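Participant: Pasting in a structure now, in structure tokens, and then I'll have a few things to ask.
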Amino acid sequence: MVTKHETGFKVGTVVGNTSPQEFSFIVKSFTAKLGDLVRVEMEIPVAEGQGRKQVLVWGRIVELGRSNPFLPMEAGQELAEEGVDLISTVLSLSRDQVTGRVLVLGATDVGNLKRIRPLNYPVSPGAVVYLPPARAVRTILTGDETVHRLRLGSLIGRSDVPVGIKTNAIVARHMAILAMTGGGKTVAARRIIRELLDARYPLVILDPHGDYLGLWIKRKLFPRNSICLFYPNLTVSEENLSLVGYLVAQMTQGFTDAQRDKYSEALGKINLKGEVTVQRFVELMMKKLGDTKSRHAGTIPAIKRALRLVKGRLEAMEKSNERLRKQATLQGLPFEPMPDPRLDPTGFVRPGRASVVYLGGYDHLTQSTIVAIVLEQLFNHRASMENRIPPFFAVVEEAHNFIPSRGEGQAETPSVDVIKKLITEGRKFGTGLLLISQRPSRLDETALSQCNTFLIFRLVNPRDQGFVEKVMENLTRSDSRLLPGFGPGQGIVSGQGVRFPLVIQVDFDSDLVTAALGSEEFLKQATEWEDPERGVGRGLK
Amino acid sequence: MVKCRTTDGTIALDPNAKLIRMKDEFFIKSQHLAACIIAMPATTKNVLFYFEGSKTEARVVIHVAPTNFFAELEREDPTLRLQSFDLPPRTSAIICGNRVAEVIYSRCATTDVELYAVHVGGFLDGPHILVPLFNHVLSLRSDDHIDFPIVLRKLADRLRHCLTGRTKSLAIQRIDKSHRDFWPTAQGQRFSFLDGGVARIPALASLEPMALRVGIYNVAPGDQIMETREQWSLTPYVLGDIVDQPPHGIRDTTDRKRLHEAARYVLELLTALVHLELKPDTSSLFIHGPLVNQFTMYDEGEPNNIPCMAAEFLASMSVHRSAVMSELLDIPPDSRNVSLWNQFMSIYGYVTNRIVNHARPIAGVVERPTGRHVTTAVLAALVEDGIINTDESKDIDDLLLKFDISDDFLFGCILRSGEYLTPVEVSKNAVNRAREHWRSVVAQYPPVYTSLIKTEETRFPFRVELNATAAEVNSAYIMSLLYHTGRLLPQYAFPVGLDIVDKYAKVPDWLSRGISAELSGVILRRAVNTGDAGLVSQVRQLLSGNPRDFFYRADAN
């Protein structure tokens, strides 16, 4: 039997029509909140002719409505016209009724909360609804599993009930964090990264905006880890001779058939030993093309023009990246050129290492190419079963840029195929992905639906809400209605990482916040800006 | 009927005016009209006669239009082409049922809403009035169908004319709507609203309602602390507990419908008295329903067979034999010469007297004032004040009877929004309707001060019955309170406090449906089988209980 301290306290009574999937209840004022886990004790039939047994039904409050049937709307309108407060009249203001709708998560035996099963009998109307104590909820959330979990935060409004996600469920079966700007994506990602670092799980972080560079600044918090900051360094070797041709195709109008023939002819003359930078490779190609003859006078110059264009753009982007790295806020960070993931995968992936690849300054195509190269090569190492690198977890920020939907230019995004491959085959080889995006509807639907765990924060855009609802199997309409109302760090975690969808408040790791990187004090910058005509900043009036 | 404005600005009304045909010409025979026309200045150019009605009933409104009346119309809307209708007329012109007539009427009615009684049109055309109006008209003789609206208008005109500034004791009073001015005067007071409900279990279809409940909403406007600002109480009464044991208890022949009516009337008033005792800070009490009902048919004789009330129950409500006997004289005995002091007829006389003579203002509010109690009392008062003579009163009474015109329709037309009638004394219980041995008791049933108030132009007025304190001390304030609380529900046009308590005390059908027949039957049978009378009583209370107490509302303490 349930002991007294396991009972919790009464928060309401089941009313109306019920089903094994959901029920409504009248809430005692100010006792239960949206997202709370509640339980009801009832009887269910056991088996044919074998009577019935007592079970505990567990559910999550997915809707709360409040009304005062004694306060007519038209009265408010009438008084508003004359600016009279309702309290000055005889209108009733105290008879609020709060109605809650509960999504049934399952049922457990009364004496054993660890095993939760689907409920197969409607919830009993009139039954008392309890808010269970933290211990019982913890048991329900974790069951009898002793697997490693990453602590994400706690249930909303119940800081005494921690919420963790199964580590294996995300590092191999992928996870997506979706939220609008300011919803808590980065905070949640940092939380997961921190937990994985504590577990010394290898991480590869593809960071277009430098959101994770602060990990190095806070490296003392991770004494058992090595945090490496890389900048892109595209190289060509015998294995990827086609890279420059690919870049030409993407960055320019591409080669004609005749130009492609001549380019291939020149390529055949190249004898690379080891790896060279793309720029050096272009110089070598220019030389070889100078030795190549063509019937048409314009063919070779056209190829050279295209190669010069690619070289010029890459150089410009490298300079841009370099400038970014040298800006005041990033000065002093020990950026290193990105190791060749094919030849030196351990430079990226090793136990306890977090490799942050800073992609700032590069255009979409180049960023996508770099992501494709890094992920593909690392995946190949895992897939080849050579055991050169351990399993790893890749964090892809701004995922909609790397795995966009069909309508958002998949053809111009080389990383799409690689990420799709990782997301479908990665589970077998221990290559997990964490996709982070603020525009879910711009993500590839198939890829996103392969993520087995979702963490959804505030989403206001109806298209994004609809998309998330479509992609996530176990997100109900009620859940999606919660999305626009979430505050920072509040969200729904759902999927294989948890036993059932939970509304949580993600822990905020304030010690991981780096003021220098996160500064958005543009007003101060503008105020103190040096005016070339009038001397040092005069400030904004 | 002829209606016109005299040169001194007052409205003259000639109910005896006639339309007479002489050969091929029609003449209006009216002394008032003749006097009016004679008094008109010689410069008067345009006199408009607006006729409406049927072959047998008609009304004409005479309106002196300004000299430039038609020129103005023409200027505003040249498409009217007034010349083609011979307007302005050289001598006279007849405009009949076309757009020009509508425009002229509309212009005149806007400039003199009282003369044209525009509010009557607004009321009778109101969407909420049309349905009951058609229902009513269809219930009349076919010949009278067409005359009903014009007769109603004429009667309304006539009575409004009589009740406007003619007499101080009986007149139409006006309340200016201003929540901003009114509600500050209510601060610091405490108002109680009371209503009763019947607890019926549809699942036990053969049974009449077994229980009643009386709800009270007690509110102190302006009190910022919710716990003290609003207080609610719901008192359930099981019928079996309030009536006496046999031989004076319920019999097979008891008219249960009447028993429940009687019980409801008595229990509501009893609860009101107990409430006023318990809450001495109550400034005024408002009851949803009449203060005094027609109560001559609830005696112990055939075919009513209404039982006596249980003395223990009455004692629990502070009603004792001695008090009833001293309040009411000549209470009859039964066939065994036992005083029927606790029969419903006696108790009702006792409680109504206590209510009517209570020191605190008490008012009963009736949503739809059917019947003609108020009109009859008004006619009597007008005769008494010499405003109309008995013949006129009889004429009006005959018309009311012929067209079955009740207070709601008549005063719906007479009153404008924000107007009410000075409360008049109304006795509802005609002594001769009671059985011989009860007549002396019925004669002691008190009259109540009755008024009608209209909160919305297009809604029926509601009837207000006031006890002596409410009528004599502060009827104007009580009416203003009811008006302003009625204005808080403009669509419903009924005091919001009573609407609140009505919802609170009502036993909703959906709840009753929720209790299945099987469940109710099983529970009751089990209780009866125990032979424990207390348990049976508890079960009955449970089955008739309001879910808002124990079933529907969460009791999480």
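Naming works like this for the structure tokens: A, B, ... for the chains as they're shown, residue 1 at the start of each chain, ligands 1 onward in shown order.
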When the cut-off is 12 Å and we count only C-alpha atoms, which residues of chain A are near chain B, given as JSON, numbers by chain?
Facilitator: {"A": [8, 9, 10, 11, 12, 13, 14, 15, 16, 17, 24, 25, 26, 27, 28, 29, 30, 31, 32, 68, 69, 70, 71, 72, 73, 74, 75, 76, 77, 78, 79, 80, 81, 82, 83, 84, 85, 86, 87, 88, 89, 90, 91, 92, 93, 94, 95, 96, 97, 98, 99, 100, 125, 126, 127, 128, 129, 130, 131]}
Participant: Output C-alpha atoms for every residue in the selection just made, as a tab-separated table (two decimals), in the first residue's frame.
Facilitator:
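Result file result_33.tsv:
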```tsv
chain	number	residue	atom	x	y	z
A	8	GLY	CA	1.31	13.58	-1.45
A	9	PHE	CA	-1.49	16.06	-1.06
A	10	LYS	CA	-4.87	16.39	-2.65
A	11	VAL	CA	-5.15	18.85	-5.48
A	12	GLY	CA	-8.55	18.06	-6.91
A	13	THR	CA	-11.20	15.62	-8.04
A	14	VAL	CA	-11.70	13.87	-11.37
A	15	VAL	CA	-14.85	15.03	-13.12
A	16	GLY	CA	-16.63	14.57	-16.41
A	17	ASN	CA	-15.99	11.97	-19.07
A	24	SER	CA	-10.25	16.38	-16.44
A	25	PHE	CA	-10.31	17.45	-12.86
A	26	ILE	CA	-11.36	20.37	-10.75
A	27	VAL	CA	-8.33	21.89	-9.15
A	28	LYS	CA	-8.25	23.15	-5.63
A	29	SER	CA	-7.16	26.76	-5.88
A	30	PHE	CA	-3.45	27.40	-5.97
A	31	THR	CA	-2.37	23.80	-5.54
A	32	ALA	CA	-1.36	22.50	-8.95
A	68	ASN	CA	-15.62	32.61	-12.72
A	69	PRO	CA	-19.17	31.68	-13.72
A	70	PHE	CA	-20.47	34.41	-11.44
A	71	LEU	CA	-18.65	37.22	-13.18
A	72	PRO	CA	-20.42	38.09	-16.42
A	73	MET	CA	-18.28	39.60	-19.11
A	74	GLU	CA	-20.83	42.27	-19.98
A	75	ALA	CA	-20.66	43.62	-16.42
A	76	GLY	CA	-16.97	44.26	-16.85
A	77	GLN	CA	-17.67	46.06	-20.09
A	78	GLU	CA	-20.41	48.18	-18.52
A	79	LEU	CA	-18.17	49.28	-15.65
A	80	ALA	CA	-15.12	49.83	-17.82
A	81	GLU	CA	-17.10	52.46	-19.69
A	82	GLU	CA	-17.30	54.51	-16.51
A	83	GLY	CA	-13.99	53.51	-14.98
A	84	VAL	CA	-15.53	51.83	-11.93
A	85	ASP	CA	-13.66	48.95	-10.27
A	86	LEU	CA	-15.48	45.62	-10.08
A	87	ILE	CA	-14.66	45.37	-6.40
A	88	SER	CA	-16.73	48.49	-5.70
A	89	THR	CA	-19.86	46.70	-6.90
A	90	VAL	CA	-21.77	43.61	-5.81
A	91	LEU	CA	-20.14	41.44	-8.44
A	92	SER	CA	-18.56	38.26	-7.18
A	93	LEU	CA	-14.82	37.99	-7.59
A	94	SER	CA	-14.03	35.01	-5.41
A	95	ARG	CA	-15.61	32.00	-7.06
A	96	ASP	CA	-12.93	31.04	-9.51
A	97	GLN	CA	-13.02	27.51	-10.79
A	98	VAL	CA	-9.82	25.97	-12.06
A	99	THR	CA	-10.17	23.02	-14.38
A	100	GLY	CA	-7.24	20.89	-15.41
A	125	PRO	CA	-14.69	9.97	-12.14
A	126	GLY	CA	-14.81	11.30	-8.63
A	127	ALA	CA	-11.37	9.98	-7.80
A	128	VAL	CA	-9.09	12.24	-5.80
A	129	VAL	CA	-6.13	13.70	-7.64
A	130	TYR	CA	-2.89	13.92	-5.70
A	131	LEU	CA	0.30	15.82	-6.23
```
Participant: Going by DSSP on the backbone, which bits of stretch 330-525 of chain A are strand (DSSP E)? Write them as a PyMOL selection string, please.
Facilitator: chain A and resi 335-337+353-358+392-396+431-437+453-456+490-495+502-506
Participant: Residues as selected, C-alpha atoms, written as a CSV table (one decimal), in the first residue's frame, can you do that?
Facilitator:
```
chain,number,residue,atom,x,y,z
A,335,PHE,CA,42.9,28.9,-31.7
A,336,GLU,CA,44.7,26.3,-33.7
A,337,PRO,CA,44.3,25.3,-37.3
A,353,ARG,CA,38.3,16.3,-25.3
A,354,ALA,CA,35.9,18.9,-26.6
A,355,SER,CA,36.9,20.2,-30.0
A,356,VAL,CA,35.2,23.5,-30.8
A,357,VAL,CA,35.4,24.4,-34.5
A,358,TYR,CA,34.8,28.1,-34.9
A,392,PHE,CA,31.8,10.9,-30.0
A,393,PHE,CA,29.0,13.4,-29.9
A,394,ALA,CA,28.8,16.2,-32.4
A,395,VAL,CA,27.0,19.5,-31.6
A,396,VAL,CA,25.7,21.3,-34.6
A,431,THR,CA,28.4,9.0,-33.5
A,432,GLY,CA,25.6,11.0,-32.0
A,433,LEU,CA,24.4,14.4,-33.1
A,434,LEU,CA,22.9,17.3,-31.2
A,435,LEU,CA,21.0,19.5,-33.6
A,436,ILE,CA,20.3,23.0,-32.3
A,437,SER,CA,18.0,25.3,-34.2
A,453,THR,CA,15.0,12.9,-28.0
A,454,PHE,CA,13.7,16.4,-28.2
A,455,LEU,CA,14.0,19.4,-26.0
A,456,ILE,CA,11.7,22.1,-27.1
A,490,GLN,CA,11.4,26.3,-19.7
A,491,GLY,CA,10.6,23.6,-22.1
A,492,ILE,CA,9.4,20.1,-22.9
A,493,VAL,CA,11.7,17.2,-23.0
A,494,SER,CA,10.4,14.2,-24.8
A,495,GLY,CA,11.5,11.0,-26.5
A,502,LEU,CA,8.1,16.3,-19.1
A,503,VAL,CA,7.8,20.0,-18.7
A,504,ILE,CA,11.1,21.2,-17.2
A,505,GLN,CA,13.1,24.1,-16.2
A,506,VAL,CA,16.7,23.7,-17.4
```
Participant: Counting only C-alpha atoms, what is within 8 Å of stretch 280-283 of chain A, bar same-chain residues fewer than 3 positions away, as a list of chain:residue names?
Facilitator: A:Val236, A:Val244, A:Val276, A:Thr277, A:Met286, A:Lys287, A:Leu307, A:Arg308, A:Lys311
Participant: Okay, now the selection with N, CA, C and O atoms, as an mmCIF file, in the first residue's frame?
Facilitator:
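Result file part-v2.cif:
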```cif
data_model
loop_
_atom_site.group_PDB
_atom_site.id
_atom_site.type_symbol
_atom_site.label_atom_id
_atom_site.label_comp_id
_atom_site.auth_asym_id
_atom_site.auth_seq_id
_atom_site.Cartn_x
_atom_site.Cartn_y
_atom_site.Cartn_z
ATOM 1 N N VAL A 236 43.945 19.913 -49.229
ATOM 2 C CA VAL A 236 43.687 18.949 -50.309
ATOM 3 C C VAL A 236 44.786 17.900 -50.260
ATOM 4 O O VAL A 236 45.942 18.215 -50.027
ATOM 5 N N VAL A 244 38.447 20.967 -54.757
ATOM 6 C CA VAL A 244 38.494 22.274 -55.411
ATOM 7 C C VAL A 244 37.487 22.328 -56.567
ATOM 8 O O VAL A 244 36.788 23.342 -56.756
ATOM 9 N N VAL A 276 48.057 19.709 -48.791
ATOM 10 C CA VAL A 276 48.393 21.125 -49.017
ATOM 11 C C VAL A 276 47.124 21.956 -48.812
ATOM 12 O O VAL A 276 46.004 21.425 -48.908
ATOM 13 N N THR A 277 47.310 23.232 -48.562
ATOM 14 C CA THR A 277 46.127 24.075 -48.401
ATOM 15 C C THR A 277 45.444 24.240 -49.757
ATOM 16 O O THR A 277 46.061 24.005 -50.805
ATOM 17 N N MET A 286 47.145 26.044 -61.334
ATOM 18 C CA MET A 286 47.350 27.123 -62.311
ATOM 19 C C MET A 286 48.612 26.831 -63.124
ATOM 20 O O MET A 286 48.650 27.022 -64.342
ATOM 21 N N LYS A 287 49.581 26.348 -62.402
ATOM 22 C CA LYS A 287 50.845 26.040 -63.084
ATOM 23 C C LYS A 287 50.622 24.932 -64.095
ATOM 24 O O LYS A 287 51.052 25.025 -65.248
ATOM 25 N N LEU A 307 39.329 29.313 -60.814
ATOM 26 C CA LEU A 307 40.179 28.911 -59.697
ATOM 27 C C LEU A 307 40.631 30.125 -58.880
ATOM 28 O O LEU A 307 40.680 30.081 -57.642
ATOM 29 N N ARG A 308 40.942 31.218 -59.624
ATOM 30 C CA ARG A 308 41.342 32.438 -58.911
ATOM 31 C C ARG A 308 40.194 32.942 -58.017
ATOM 32 O O ARG A 308 40.399 33.415 -56.909
ATOM 33 N N LYS A 311 39.977 30.772 -54.967
ATOM 34 C CA LYS A 311 41.115 31.077 -54.089
ATOM 35 C C LYS A 311 40.884 32.418 -53.381
ATOM 36 O O LYS A 311 41.074 32.545 -52.155
#
```
Participant: Report the distance between atom CA of A:Cys451 and atom CA of A:Gln410 in Å, rounded to one decimal place.
Facilitator: 19.0 Å
Participant: Neighbours of B:Leu399 within 9 Å (only C-alpha atoms; same-chain residues fewer than 6 positions away dropped), as a list in words?
Facilitator: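 Contacts, in chain order: Val151, Leu155 and Ile405 of chain B.
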Participant: Excluding A:Val161 and residues on its chain fewer than 4 positions from it, collect all residues at most 9 Å away from it, counting only C-alpha atoms, and give them as a PyMOL selection string.
Facilitator: chain A and resi 133-135+137-138+153-156
Participant: Using N, CA, C and O atoms, can you export the residues from the last selection as a JSON list (two decimals), in the first residue's frame?
Facilitator:
```
[["chain", "number", "residue", "atom", "x", "y", "z"],
["A", 133, "PRO", "N", 4.62, 13.19, -3.75],
["A", 133, "PRO", "CA", 5.85, 13.75, -3.21],
["A", 133, "PRO", "C", 7.04, 13.53, -4.15],
["A", 133, "PRO", "O", 6.98, 12.66, -5.03],
["A", 134, "ALA", "N", 8.09, 14.28, -3.91],
["A", 134, "ALA", "CA", 9.24, 14.27, -4.83],
["A", 134, "ALA", "C", 9.81, 12.86, -5.00],
["A", 134, "ALA", "O", 10.17, 12.45, -6.10],
["A", 135, "ARG", "N", 9.88, 12.13, -3.90],
["A", 135, "ARG", "CA", 10.50, 10.80, -3.99],
["A", 135, "ARG", "C", 9.75, 9.90, -4.96],
["A", 135, "ARG", "O", 10.34, 9.21, -5.78],
["A", 137, "VAL", "N", 7.84, 10.85, -7.39],
["A", 137, "VAL", "CA", 7.99, 11.33, -8.77],
["A", 137, "VAL", "C", 9.35, 10.92, -9.32],
["A", 137, "VAL", "O", 9.47, 10.50, -10.47],
["A", 138, "ARG", "N", 10.36, 11.03, -8.47],
["A", 138, "ARG", "CA", 11.70, 10.63, -8.93],
["A", 138, "ARG", "C", 11.70, 9.17, -9.35],
["A", 138, "ARG", "O", 12.27, 8.81, -10.38],
["A", 153, "GLY", "N", 17.68, 19.51, -15.55],
["A", 153, "GLY", "CA", 17.08, 20.55, -14.71],
["A", 153, "GLY", "C", 16.10, 19.90, -13.77],
["A", 153, "GLY", "O", 16.35, 18.81, -13.26],
["A", 154, "SER", "N", 14.96, 20.56, -13.58],
["A", 154, "SER", "CA", 13.95, 20.00, -12.69],
["A", 154, "SER", "C", 12.57, 20.23, -13.30],
["A", 154, "SER", "O", 12.44, 21.02, -14.26],
["A", 155, "LEU", "N", 11.59, 19.56, -12.76],
["A", 155, "LEU", "CA", 10.22, 19.80, -13.23],
["A", 155, "LEU", "C", 9.85, 21.25, -12.96],
["A", 155, "LEU", "O", 10.24, 21.80, -11.93],
["A", 156, "ILE", "N", 9.10, 21.84, -13.85],
["A", 156, "ILE", "CA", 8.69, 23.24, -13.64],
["A", 156, "ILE", "C", 7.91, 23.33, -12.33],
["A", 156, "ILE", "O", 6.97, 22.58, -12.10]]
```
Participant: Please identify the alpha helix (DSSP H) residues within stretch 287-408 of chain A (assignment by DSSP from backbone atoms) and present them as a VMD selection string.
Facilitator: chain A and resid 287 to 290 299 to 326 364 to 383
Participant: Any idea what's packed within 9 Å of B:Leu314, counting only C-alpha atoms, ignoring anything in its chain fewer than 6 positions away? Could you give it as a ChimeraX atom specification?
Facilitator: /B:242,320-321,342
Participant: So that I can check the surroundings of A:Ala179, please list as a ChimeraX atom specification every protein, DNA and RNA residue that reaches within 10 Å of it, counting only C-alpha atoms and ignoring chain neighbours fewer than 3 positions away.
Facilitator: /A:176,182-186,436-440,455-460,464-465,483-484,488-489,491
Participant: As an exercise, work out the distance from atom CA of B:Gly364 to atom CA of B:Lys177 in Å and give it to one decimal place.
Facilitator: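 Between atom CA of B:Gly364 and atom CA of B:Lys177 the gap works out to 21.8 Å.
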Participant: Between atom CA of B:Ile172 and atom CA of B:Ile453, what is the spacing in Å?
Facilitator: 9.5 Å
